[in-house]
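Dropping upload-v7.txt in here (compact mmCIF, C-alpha atoms and all ligand atoms):
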```txt
# COMPACT_ATOMS: atom_id res chain seq x y z
CA MET B 1 7.26 -28.18 10.29
CA ILE B 2 4.08 -26.53 11.49
CA ASP B 3 3.25 -23.20 9.79
CA ALA B 4 2.66 -20.38 12.30
CA TYR B 5 0.43 -18.52 9.83
CA ALA B 6 -1.80 -21.58 9.48
CA LEU B 7 -2.57 -21.71 13.24
CA SER B 8 -5.63 -20.09 14.77
CA GLU B 9 -5.20 -18.45 18.17
CA ALA B 10 -6.75 -21.56 19.79
CA ALA B 11 -4.53 -23.99 17.88
CA LEU B 12 -1.43 -21.99 18.79
CA GLY B 13 -2.62 -22.00 22.41
CA ASP B 14 -2.97 -25.81 22.33
CA LEU B 15 0.56 -26.15 20.96
CA LEU B 16 1.95 -23.93 23.72
CA VAL B 17 0.15 -25.93 26.41
CA GLU B 18 1.65 -29.11 24.90
CA LEU B 19 5.06 -27.46 25.24
CA GLY B 20 4.34 -26.80 28.93
CA GLN B 21 3.72 -23.08 28.37
CA PRO B 22 0.86 -20.85 29.48
CA ARG B 23 -1.86 -20.45 26.84
CA TYR B 24 -1.73 -16.62 26.97
CA ARG B 25 1.58 -16.68 25.14
CA SER B 26 -0.45 -17.37 22.03
CA LYS B 27 -1.69 -13.75 22.18
CA GLN B 28 1.87 -12.51 22.63
CA ILE B 29 3.12 -14.48 19.65
CA ARG B 30 0.24 -13.40 17.44
CA ALA B 31 0.91 -9.76 18.31
CA TRP B 32 4.51 -10.25 17.16
CA LEU B 33 3.37 -11.94 13.97
CA TYR B 34 0.54 -9.69 12.93
CA GLU B 35 0.97 -6.36 14.69
CA LYS B 36 4.74 -6.04 14.93
CA GLY B 37 5.61 -7.99 11.79
CA ALA B 38 8.31 -10.18 13.37
CA ALA B 39 10.35 -12.19 10.87
CA SER B 40 11.71 -14.72 13.39
CA PHE B 41 10.91 -16.14 16.84
CA GLN B 42 14.21 -14.74 18.17
CA GLU B 43 12.79 -11.22 17.74
CA MET B 44 9.99 -12.07 20.20
CA THR B 45 11.94 -10.78 23.15
CA ASP B 46 9.19 -11.13 25.74
CA LEU B 47 9.24 -14.93 25.30
CA PRO B 48 11.69 -17.02 27.35
CA LYS B 49 14.80 -17.84 25.32
CA GLY B 50 14.18 -21.60 25.70
CA LEU B 51 10.70 -21.29 24.20
CA ARG B 52 11.99 -19.20 21.30
CA ASP B 53 14.50 -21.96 20.48
CA VAL B 54 11.87 -24.72 20.68
CA LEU B 55 9.47 -22.77 18.48
CA GLU B 56 12.19 -22.01 15.98
CA ALA B 57 12.88 -25.74 15.63
CA LYS B 58 9.23 -26.77 15.35
CA VAL B 59 7.35 -23.93 13.72
CA ALA B 60 8.02 -22.18 10.41
CA LEU B 61 7.07 -18.53 9.90
CA GLY B 62 5.34 -19.18 6.62
CA THR B 63 5.58 -21.89 3.96
CA ILE B 64 6.22 -19.59 1.03
CA THR B 65 9.56 -17.98 0.22
CA VAL B 66 10.66 -15.15 -2.02
CA ASP B 67 12.44 -16.74 -4.98
CA THR B 68 13.36 -13.60 -6.91
CA GLU B 69 12.33 -9.95 -6.96
CA GLN B 70 12.51 -7.26 -9.64
CA VAL B 71 12.09 -3.51 -9.16
CA SER B 72 10.58 -1.33 -11.88
CA ARG B 73 11.66 2.18 -12.83
CA ASP B 74 8.45 3.42 -11.20
CA GLY B 75 9.28 1.64 -7.92
CA THR B 76 6.82 -1.21 -8.42
CA ARG B 77 8.17 -4.49 -7.04
CA LYS B 78 7.33 -7.81 -8.62
CA ARG B 79 8.31 -10.98 -6.83
CA LEU B 80 8.16 -14.63 -7.47
CA TYR B 81 6.93 -16.59 -4.47
CA LYS B 82 7.91 -20.24 -4.25
CA LEU B 83 5.35 -22.54 -2.62
CA HIS B 84 6.22 -25.63 -0.55
CA ASP B 85 5.90 -27.96 -3.57
CA GLY B 86 7.97 -25.78 -5.88
CA GLN B 87 5.02 -24.08 -7.60
CA LEU B 88 5.65 -20.43 -8.35
CA VAL B 89 3.26 -17.48 -8.23
CA GLU B 90 3.89 -13.80 -8.77
CA ALA B 91 2.84 -10.87 -6.58
CA VAL B 92 3.34 -7.14 -6.98
CA LEU B 93 3.72 -4.23 -4.54
CA MET B 94 2.86 -0.72 -5.71
CA ALA B 95 3.66 2.50 -3.83
CA TYR B 96 1.56 5.59 -4.52
CA ASP B 97 2.36 9.24 -3.75
CA ASP B 98 -0.66 9.52 -1.44
CA GLY B 99 0.91 6.91 0.85
CA ARG B 100 -1.06 3.88 -0.27
CA ARG B 101 0.88 0.62 -0.40
CA THR B 102 -1.05 -1.85 -2.52
CA ALA B 103 -0.23 -5.53 -2.83
CA CYS B 104 -1.53 -7.41 -5.83
CA ILE B 105 -1.63 -11.10 -4.90
CA SER B 106 -2.40 -14.40 -6.62
CA SER B 107 -5.25 -16.80 -5.93
CA GLN B 108 -4.18 -19.70 -8.16
CA ALA B 109 -0.95 -20.96 -9.77
CA GLY B 110 -1.83 -20.21 -13.38
CA CYS B 111 -5.43 -19.77 -14.53
CA GLY B 112 -7.85 -21.94 -16.45
CA MET B 113 -10.12 -19.19 -17.77
CA GLY B 114 -8.25 -18.75 -21.03
CA CYS B 115 -8.69 -15.01 -21.66
CA THR B 116 -6.68 -14.54 -24.84
CA PHE B 117 -5.01 -11.22 -23.92
CA CYS B 118 -3.70 -12.36 -20.51
CA ALA B 119 -0.27 -13.92 -19.90
CA THR B 120 -1.57 -15.98 -16.96
CA GLY B 121 -4.41 -17.28 -19.11
CA GLN B 122 -1.95 -18.15 -21.85
CA MET B 123 0.00 -20.40 -19.46
CA GLY B 124 -2.98 -22.45 -18.24
CA PHE B 125 -3.94 -23.74 -14.79
CA ALA B 126 -1.47 -25.42 -12.41
CA ARG B 127 -3.21 -25.64 -9.02
CA GLN B 128 -5.35 -23.91 -6.41
CA LEU B 129 -3.63 -21.98 -3.64
CA THR B 130 -4.64 -22.66 -0.04
CA SER B 131 -6.06 -19.80 2.00
CA THR B 132 -2.81 -19.72 3.97
CA GLU B 133 -0.74 -19.41 0.79
CA ILE B 134 -2.90 -16.49 -0.32
CA PHE B 135 -2.73 -14.87 3.12
CA GLU B 136 1.04 -15.29 3.40
CA GLN B 137 1.71 -13.38 0.16
CA ALA B 138 0.14 -10.35 1.84
CA ALA B 139 1.63 -11.07 5.28
CA LEU B 140 5.20 -11.08 3.91
CA PHE B 141 4.69 -7.70 2.24
CA ALA B 142 3.05 -6.35 5.42
CA ARG B 143 5.92 -7.48 7.56
CA GLU B 144 8.56 -5.95 5.28
CA LEU B 145 6.69 -2.65 5.03
CA GLN B 146 6.42 -2.58 8.81
CA ALA B 147 10.17 -3.01 9.15
CA SER B 148 10.64 0.18 7.12
CA GLY B 149 8.00 2.14 9.05
CA GLU B 150 5.30 1.77 6.39
CA ARG B 151 1.95 0.00 6.33
CA LEU B 152 0.24 -2.26 3.84
CA SER B 153 -2.96 -0.34 3.11
CA ASN B 154 -4.65 -2.05 0.14
CA ILE B 155 -5.01 -5.48 -1.39
CA VAL B 156 -6.08 -6.32 -4.90
CA MET B 157 -6.79 -9.92 -5.83
CA MET B 158 -5.59 -9.25 -9.35
CA GLY B 159 -2.52 -11.43 -9.52
CA MET B 160 -2.42 -14.84 -11.12
CA GLY B 161 -5.64 -16.82 -11.18
CA GLU B 162 -9.39 -16.32 -10.98
CA PRO B 163 -10.29 -15.64 -7.33
CA PHE B 164 -13.86 -16.90 -7.68
CA ALA B 165 -12.65 -20.22 -9.10
CA ASN B 166 -11.02 -20.68 -5.66
CA TYR B 167 -13.82 -19.00 -3.73
CA ASP B 168 -13.61 -20.48 -0.21
CA ALA B 169 -9.84 -20.12 0.10
CA VAL B 170 -9.99 -16.54 -1.18
CA ILE B 171 -12.77 -15.48 1.22
CA GLU B 172 -10.97 -17.08 4.17
CA ALA B 173 -7.72 -15.31 3.20
CA VAL B 174 -9.53 -11.99 2.76
CA ARG B 175 -11.09 -12.28 6.22
CA ARG B 176 -7.67 -12.93 7.73
CA ILE B 177 -5.99 -10.07 5.83
CA ASN B 178 -8.71 -7.83 7.24
CA ARG B 179 -8.62 -9.16 10.80
CA GLU B 180 -4.95 -9.96 11.27
CA LEU B 181 -3.12 -7.52 8.99
CA GLY B 182 -5.56 -4.67 9.64
CA VAL B 183 -6.36 -3.92 5.99
CA GLY B 184 -9.89 -2.48 5.85
CA ALA B 185 -12.40 -4.66 3.95
CA ARG B 186 -13.24 -1.70 1.71
CA HIS B 187 -9.55 -1.52 0.81
CA ILE B 188 -9.59 -5.11 -0.41
CA THR B 189 -10.65 -5.62 -4.03
CA ILE B 190 -11.59 -8.98 -5.53
CA SER B 191 -11.41 -8.96 -9.30
CA THR B 192 -13.39 -11.57 -11.22
CA VAL B 193 -13.64 -12.61 -14.84
CA GLY B 194 -17.40 -12.80 -14.20
CA LEU B 195 -18.41 -16.03 -12.45
CA VAL B 196 -22.01 -14.99 -11.85
CA PRO B 197 -23.01 -17.53 -9.12
CA LYS B 198 -19.96 -16.51 -7.08
CA ILE B 199 -20.78 -12.81 -7.40
CA ARG B 200 -24.16 -13.69 -5.91
CA GLN B 201 -22.51 -15.74 -3.18
CA LEU B 202 -20.30 -12.74 -2.32
CA VAL B 203 -23.42 -10.59 -1.96
CA ASP B 204 -24.83 -13.14 0.53
CA GLU B 205 -21.52 -13.26 2.42
CA GLY B 206 -22.15 -9.75 3.76
CA ILE B 207 -18.46 -8.87 3.59
CA GLN B 208 -17.70 -5.29 2.57
CA VAL B 209 -14.98 -5.95 -0.01
CA THR B 210 -14.87 -4.07 -3.31
CA LEU B 211 -15.96 -6.07 -6.32
CA ALA B 212 -14.18 -5.54 -9.63
CA VAL B 213 -15.48 -7.18 -12.78
CA SER B 214 -13.33 -7.61 -15.89
CA LEU B 215 -15.53 -6.58 -18.80
CA HIS B 216 -13.41 -5.66 -21.87
CA ALA B 217 -16.27 -5.95 -24.38
CA ALA B 218 -19.85 -4.67 -24.55
CA THR B 219 -21.47 -7.37 -26.70
CA ASP B 220 -21.62 -11.13 -26.15
CA GLU B 221 -20.13 -11.76 -29.56
CA GLU B 222 -17.04 -9.66 -28.90
CA ARG B 223 -16.64 -10.75 -25.29
CA SER B 224 -16.89 -14.46 -26.05
CA LYS B 225 -14.07 -14.13 -28.59
CA ILE B 226 -11.56 -12.95 -26.00
CA MET B 227 -13.10 -14.32 -22.77
CA PRO B 228 -14.42 -17.89 -23.09
CA VAL B 229 -16.24 -17.56 -19.73
CA ASN B 230 -18.76 -15.30 -21.45
CA ARG B 231 -20.31 -18.30 -23.20
CA ARG B 232 -21.28 -19.67 -19.78
CA TYR B 233 -22.24 -16.36 -18.18
CA PRO B 234 -23.29 -13.86 -20.86
CA LEU B 235 -23.40 -10.11 -20.33
CA ALA B 236 -27.09 -9.81 -19.41
CA GLU B 237 -26.64 -12.24 -16.48
CA LEU B 238 -23.35 -10.63 -15.46
CA ILE B 239 -24.71 -7.09 -15.42
CA ALA B 240 -27.82 -8.26 -13.53
CA ALA B 241 -25.58 -9.76 -10.83
CA CYS B 242 -23.68 -6.45 -10.64
CA HIS B 243 -26.97 -4.59 -10.11
CA ASP B 244 -27.68 -6.96 -7.21
CA TYR B 245 -24.26 -6.35 -5.70
CA VAL B 246 -24.85 -2.59 -5.80
CA GLU B 247 -28.44 -2.75 -4.53
CA ARG B 248 -27.87 -5.24 -1.72
CA GLY B 249 -24.36 -4.17 -0.74
CA GLY B 250 -24.91 -0.45 -1.14
CA ARG B 251 -21.57 -0.07 -2.88
CA ARG B 252 -20.53 0.79 -6.37
CA VAL B 253 -18.99 -1.88 -8.58
CA THR B 254 -15.72 -1.40 -10.45
CA PHE B 255 -15.32 -2.52 -14.05
CA GLU B 256 -11.98 -3.19 -15.66
CA TRP B 257 -11.51 -2.55 -19.32
CA ALA B 258 -8.20 -3.18 -21.12
CA LEU B 259 -8.15 -0.66 -23.97
CA ILE B 260 -7.15 -2.49 -27.14
CA ALA B 261 -6.36 -0.25 -30.13
CA GLY B 262 -8.95 -0.44 -32.88
CA LYS B 263 -10.85 -3.25 -31.10
CA ASN B 264 -12.67 -2.01 -28.03
CA ASP B 265 -11.65 1.66 -27.92
CA THR B 266 -13.81 3.11 -30.71
CA PRO B 267 -16.64 5.64 -30.23
CA GLU B 268 -19.17 2.94 -31.25
CA VAL B 269 -17.96 0.61 -28.50
CA ALA B 270 -17.96 3.46 -25.97
CA GLU B 271 -21.60 4.19 -26.92
CA ARG B 272 -22.58 0.55 -26.42
CA LEU B 273 -20.75 0.34 -23.10
CA GLY B 274 -22.38 3.57 -21.95
CA LYS B 275 -25.81 2.11 -22.69
CA LEU B 276 -24.96 -1.21 -21.04
CA LEU B 277 -23.90 0.47 -17.79
CA ARG B 278 -26.38 3.33 -17.75
CA GLY B 279 -28.04 3.64 -14.33
CA LEU B 280 -25.65 1.22 -12.63
CA GLN B 281 -23.62 2.74 -9.80
CA CYS B 282 -20.15 1.93 -11.05
CA HIS B 283 -16.72 3.14 -12.02
CA VAL B 284 -14.81 2.00 -15.09
CA ASN B 285 -11.03 1.58 -14.85
CA LEU B 286 -9.53 1.84 -18.30
CA ILE B 287 -6.14 0.16 -18.58
CA PRO B 288 -4.31 0.53 -21.90
CA LEU B 289 -3.56 -3.07 -22.91
CA ASN B 290 -0.29 -4.38 -21.49
CA PRO B 291 1.72 -6.35 -24.01
CA THR B 292 1.84 -10.15 -23.57
CA PRO B 293 3.72 -12.68 -25.69
CA GLY B 294 0.66 -14.53 -26.97
CA TYR B 295 -1.52 -11.59 -28.04
CA GLY B 296 -0.54 -9.33 -30.90
CA GLU B 297 -2.83 -6.35 -30.31
CA LYS B 298 -1.67 -2.91 -29.15
CA PRO B 299 -2.71 -0.50 -26.38
CA SER B 300 -4.91 2.47 -27.31
CA SER B 301 -3.45 5.93 -27.84
CA ASP B 302 -3.97 8.59 -25.15
CA ALA B 303 -6.29 10.50 -27.47
CA ASP B 304 -8.52 7.46 -28.07
CA ALA B 305 -8.56 6.69 -24.37
CA ARG B 306 -9.65 10.27 -23.58
CA ARG B 307 -12.40 10.18 -26.18
CA PHE B 308 -13.64 6.89 -24.70
CA VAL B 309 -13.89 8.52 -21.26
CA GLU B 310 -15.81 11.49 -22.70
CA ILE B 311 -18.41 9.31 -24.39
CA LEU B 312 -18.94 7.27 -21.23
CA ALA B 313 -19.39 10.53 -19.31
CA GLU B 314 -22.21 11.52 -21.70
CA HIS B 315 -24.01 8.40 -20.49
CA GLY B 316 -23.38 9.29 -16.85
CA VAL B 317 -20.75 6.56 -16.49
CA ALA B 318 -17.58 7.57 -14.60
CA ALA B 319 -14.28 6.28 -15.95
CA THR B 320 -10.58 6.83 -15.30
CA VAL B 321 -7.61 5.94 -17.46
CA ARG B 322 -5.13 4.16 -15.20
CA VAL B 323 -1.42 4.72 -15.36
CA ARG B 324 0.25 1.45 -16.26
CA ARG B 325 2.63 0.26 -13.55
CA GLY B 326 5.75 -1.87 -13.73
CA ILE B 327 5.53 -2.46 -17.48
CA ASP B 328 9.34 -2.66 -17.85
CA ILE B 329 9.43 -5.71 -15.54
CA ALA B 330 6.19 -7.25 -16.91
CA ALA B 331 4.38 -6.56 -13.63
CA GLY B 332 1.36 -4.85 -15.21
CA CYS B 333 -2.22 -6.16 -15.21
CA GLY B 334 -2.40 -9.40 -17.12
CA GLN B 335 1.36 -9.78 -17.49
CA LEU B 336 1.94 -12.16 -14.60
CA LYS B 337 3.28 -15.53 -15.50
CA SER B 338 5.68 -17.48 -13.34
CA ALA B 339 9.26 -17.18 -14.49
CA VAL B 340 9.98 -20.90 -14.63
CA LEU B 341 7.16 -21.48 -17.09
CA ALA B 342 8.45 -18.53 -19.07
CA LYS B 343 11.86 -20.23 -19.20
CA LYS B 344 10.23 -23.41 -20.45
CA GLY B 345 8.72 -21.29 -23.21
CA GLY B 346 5.18 -21.65 -21.78
N1 LIG B 401 -8.79 -13.33 -12.87
C1 LIG B 401 -9.20 -12.07 -12.40
C2 LIG B 401 -8.11 -11.28 -11.70
C3 LIG B 401 -6.71 -11.30 -12.30
S1 LIG B 401 -6.43 -10.42 -13.78
C4 LIG B 401 -9.82 -11.26 -13.51
O1 LIG B 401 -9.66 -11.64 -14.64
O2 LIG B 401 -10.50 -10.29 -13.20
C5 LIG B 401 -6.38 -8.69 -13.30
C6 LIG B 401 -6.92 -7.76 -14.37
O3 LIG B 401 -6.01 -7.63 -15.48
C7 LIG B 401 -8.21 -8.22 -15.00
O4 LIG B 401 -9.10 -7.14 -15.11
C8 LIG B 401 -7.79 -8.68 -16.36
O5 LIG B 401 -8.85 -8.70 -17.28
C9 LIG B 401 -6.75 -7.66 -16.68
N2 LIG B 401 -5.84 -8.03 -17.77
C10 LIG B 401 -5.51 -9.27 -18.19
N3 LIG B 401 -4.63 -9.21 -19.21
C11 LIG B 401 -4.40 -7.89 -19.44
C12 LIG B 401 -3.57 -7.18 -20.35
N4 LIG B 401 -2.80 -7.82 -21.22
N5 LIG B 401 -3.58 -5.82 -20.31
C13 LIG B 401 -4.35 -5.16 -19.40
N6 LIG B 401 -5.14 -5.78 -18.50
C14 LIG B 401 -5.18 -7.13 -18.52
FE1 LIG B 402 -7.49 -15.72 -15.66
FE2 LIG B 402 -8.10 -13.18 -15.10
FE3 LIG B 402 -6.15 -13.76 -16.83
FE4 LIG B 402 -8.68 -14.21 -17.50
S1 LIG B 402 -7.72 -12.23 -17.07
S2 LIG B 402 -6.99 -15.63 -17.81
S3 LIG B 402 -9.51 -14.85 -15.54
S4 LIG B 402 -6.15 -14.24 -14.65
```
Represent the structure contained in this file as structure tokens.
Amino acid sequence: MIDAYALSEAALGDLLVELGQPRYRSKQIRAWLYEKGAASFQEMTDLPKGLRDVLEAKVALGTITVDTEQVSRDGTRKRLYKLHDGQLVEAVLMAYDDGRRTACISSQAGCGMGCTFCATGQMGFARQLTSTEIFEQAALFARELQASGERLSNIVMMGMGEPFANYDAVIEAVRRINRELGVGARHITISTVGLVPKIRQLVDEGIQVTLAVSLHAATDEERSKIMPVNRRYPLAELIAACHDYVERGGRRVTFEWALIAGKNDTPEVAERLGKLLRGLQCHVNLIPLNPTPGYGEKPSSDADARRFVEILAEHGVAATVRVRRGIDIAAGCGQLKSAVLAKKGG
């Protein structure tokens, strides 16, 4: 089967001409797919019935399917998407009181970066996702939200995988999410473990997405212990690339910091982080560590988290402690790990 979501407007036009149809129907079909969120060709009522039947037989609306879905007490939905070859990736939808609907999607099946505190890192790398597979995770959420009168407003590339280790596919998917699903570039966040050359490539791309960098430690020694990537791209190079992003893109950079009790939440660490980020236009998102099977440490207390924020503020660095979402269904940051691997004990 051909995948409708993998066809450009021109390619869809060619297919229609082959089927003896006028090319303009490609516009009609794309409006159904991307503006109206149709879930089947039969819903496309301005197409002749015969064409709808032919398309239904020849063209699939997506190659990924929802395998299972869990709903958290806080309304967060975590789902397992099954890819055409049976690979599984997880994606999460979060609803906020201010109306935002944020999808957290995956860029790879598994991840090869080996961060010790992360469930995805603990399971290892399976394969790259194609740009269409990345796009479709968002498109399926968009289409379901549309059906209930809501709109997908934000995307975070914070699911399974390291987006910059699959750079081209991620950028292509991001462009399509922006163009075809109408999610503003500024409302799309790419989170990276810190692949410095790719941060620089993003700057050259001239695309207005938000960059988030996972930091978690303020010295090379500490960071290398929990994030092996730091041995290749140490902090000085990483922070220099962030300065470039801010100066050339004119936007602030976001840092992510999982607060680990007694490890990276002390006043001394806050002081060091404050000095490291001083003068950089940025915002620090503090996320109390989410528990994962392979990492024994604990999240920080509220009091320690607050003190951390205060010390950063003394250095002119803005920080917010994030509310953890979907913890009861293991949908929080760093908890994603496909269920089948979990069953295998991976
Ligand atoms: N690979 C990318 C994006 C996916 S991870 C990256 O690492 O940035 C999304 C975020 O969750 C990252 O900031 C990551 O460092 C963080 N994270 C991983 N494990 C976590 C955990 N156990 N608790 C809290 N945050 C975690
Ligand atoms: Fe990969 Fe990000 Fe997890 Fe590190 S934190 S292992 S880069 S998904």
Review point. Stretch 108-123 of chain B: which residues within 10 Å, counting only C-alpha atoms, same-chain residues fewer than 5 positions away excluded, as an NGL selection string?
Key: :B and (83 or 87-90 or 128-130 or 133-134 or 159-163 or 165-166 or 170 or 193 or 223-229 or 258 or 260 or 289-297 or 330 or 333-338 or 341-342 or 345-346)
**Study point:** Straight-line distance linking atom O3 of ligand LIG 401 (chain B) with atom CA of B:Cys104, stated in Å to one decimal
**Key:** 10.6 Å
Where is the centre and how long are the edges: axis-aligned box on ligand LIG 402 (chain B), 5 Å on each side, Å to one decimal, as lines of an AutoDock Vina configuration file:
```
center_x = -7.8
center_y = -14.0
center_z = -16.2
size_x = 13.4
size_y = 13.5
size_z = 13.2
```
Check your understanding: From the list B:Asp220, B:Gly326, B:Leu19, B:Gly13, which residue is nearest B:Ala95 when using only C-alpha atoms?
Key -> B:Gly326
**Study point:** Residue with smallest distance to ligand LIG 401 (chain B) - pool B:Ala236, B:Met94, B:Leu195, B:Met158, counting all atoms listed in the file
**Key:**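 Ranking B:Ala236, B:Met94, B:Leu195, B:Met158 by distance to ligand LIG 401 (chain B), first place goes to B:Met158.
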Exercise for review: May I ask which of the residues B:Gly206, B:Gly279, B:Pro22, B:Gly194 is the closest one to ligand LIG 401 (chain B), counting all atoms listed in the file?
Suggested key: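 Closest to ligand LIG 401 (chain B) of all the choices is B:Gly194.
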Practice item. Calculate how many Å separate atom CA of B:Asp67 from atom CA of B:Glu144, rounding to one decimal. Key: 15.4 Å
Point to revise | Closest of B:Lys36, B:Arg306, B:Arg231, B:Arg325 to ligand LIG 401 (chain B) - atom-to-atom distances counting all atoms listed in the file | key: B:Arg325
Exercise for review: Provide the atom CA of B:Arg100 to atom CA of B:His243 distance in Å, to one decimal place.
Suggested key: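 Distance reported for this atom pair: 29.0 Å.
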**Study point:** Given all atoms listed in the file as the counted atoms, nearest of B:Asn230, B:Ser107, B:Thr219, B:Ser301 to ligand LIG 401 (chain B)
**Key:**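 For ligand LIG 401 (chain B), the nearest of the candidates is B:Ser107.
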Check your understanding: Got a sec: who's within 10 Å of B:Ala240, counting all atoms listed in the file, leaving out chain neighbours fewer than 5 positions off, as number ranges by chain?
Key -> B: 196, 235, 245, 280
Review point. Looking at all atoms listed in the file, which of B:Leu51, B:Ala31, B:Ala126, B:Val66 is the one that sits closest to ligand LIG 402 (chain B)?
Key: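 Distance minimum relative to ligand LIG 402 (chain B) lands on B:Ala126.
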**Study point:** Non-local contacts of B:Ala10 (12 Å; all atoms listed in the file; under 6 positions in same chain excluded) as a list of chain:residue names
**Key:**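 In the requested format, the answer is B:Leu16, B:Val17, B:Arg23, B:Tyr24, B:Arg25, B:Ser26, B:Lys27, B:Arg30.
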Review point. Could you pull the residues within 7 Å of B:Phe164, counting only C-alpha atoms, minus those fewer than 3 positions along the same chain, as a list in words?
Key: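 Result of the neighbour search: Tyr167, Thr192, Leu195 and Lys198 of chain B.
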Practice item. Skip B:Ala318 itself and residues of its chain fewer than 4 positions away, then list as a PyMOL selection string all residues within 10 Å of it, counting all atoms listed in the file. Key: chain B and resi 274+281-285+309-314
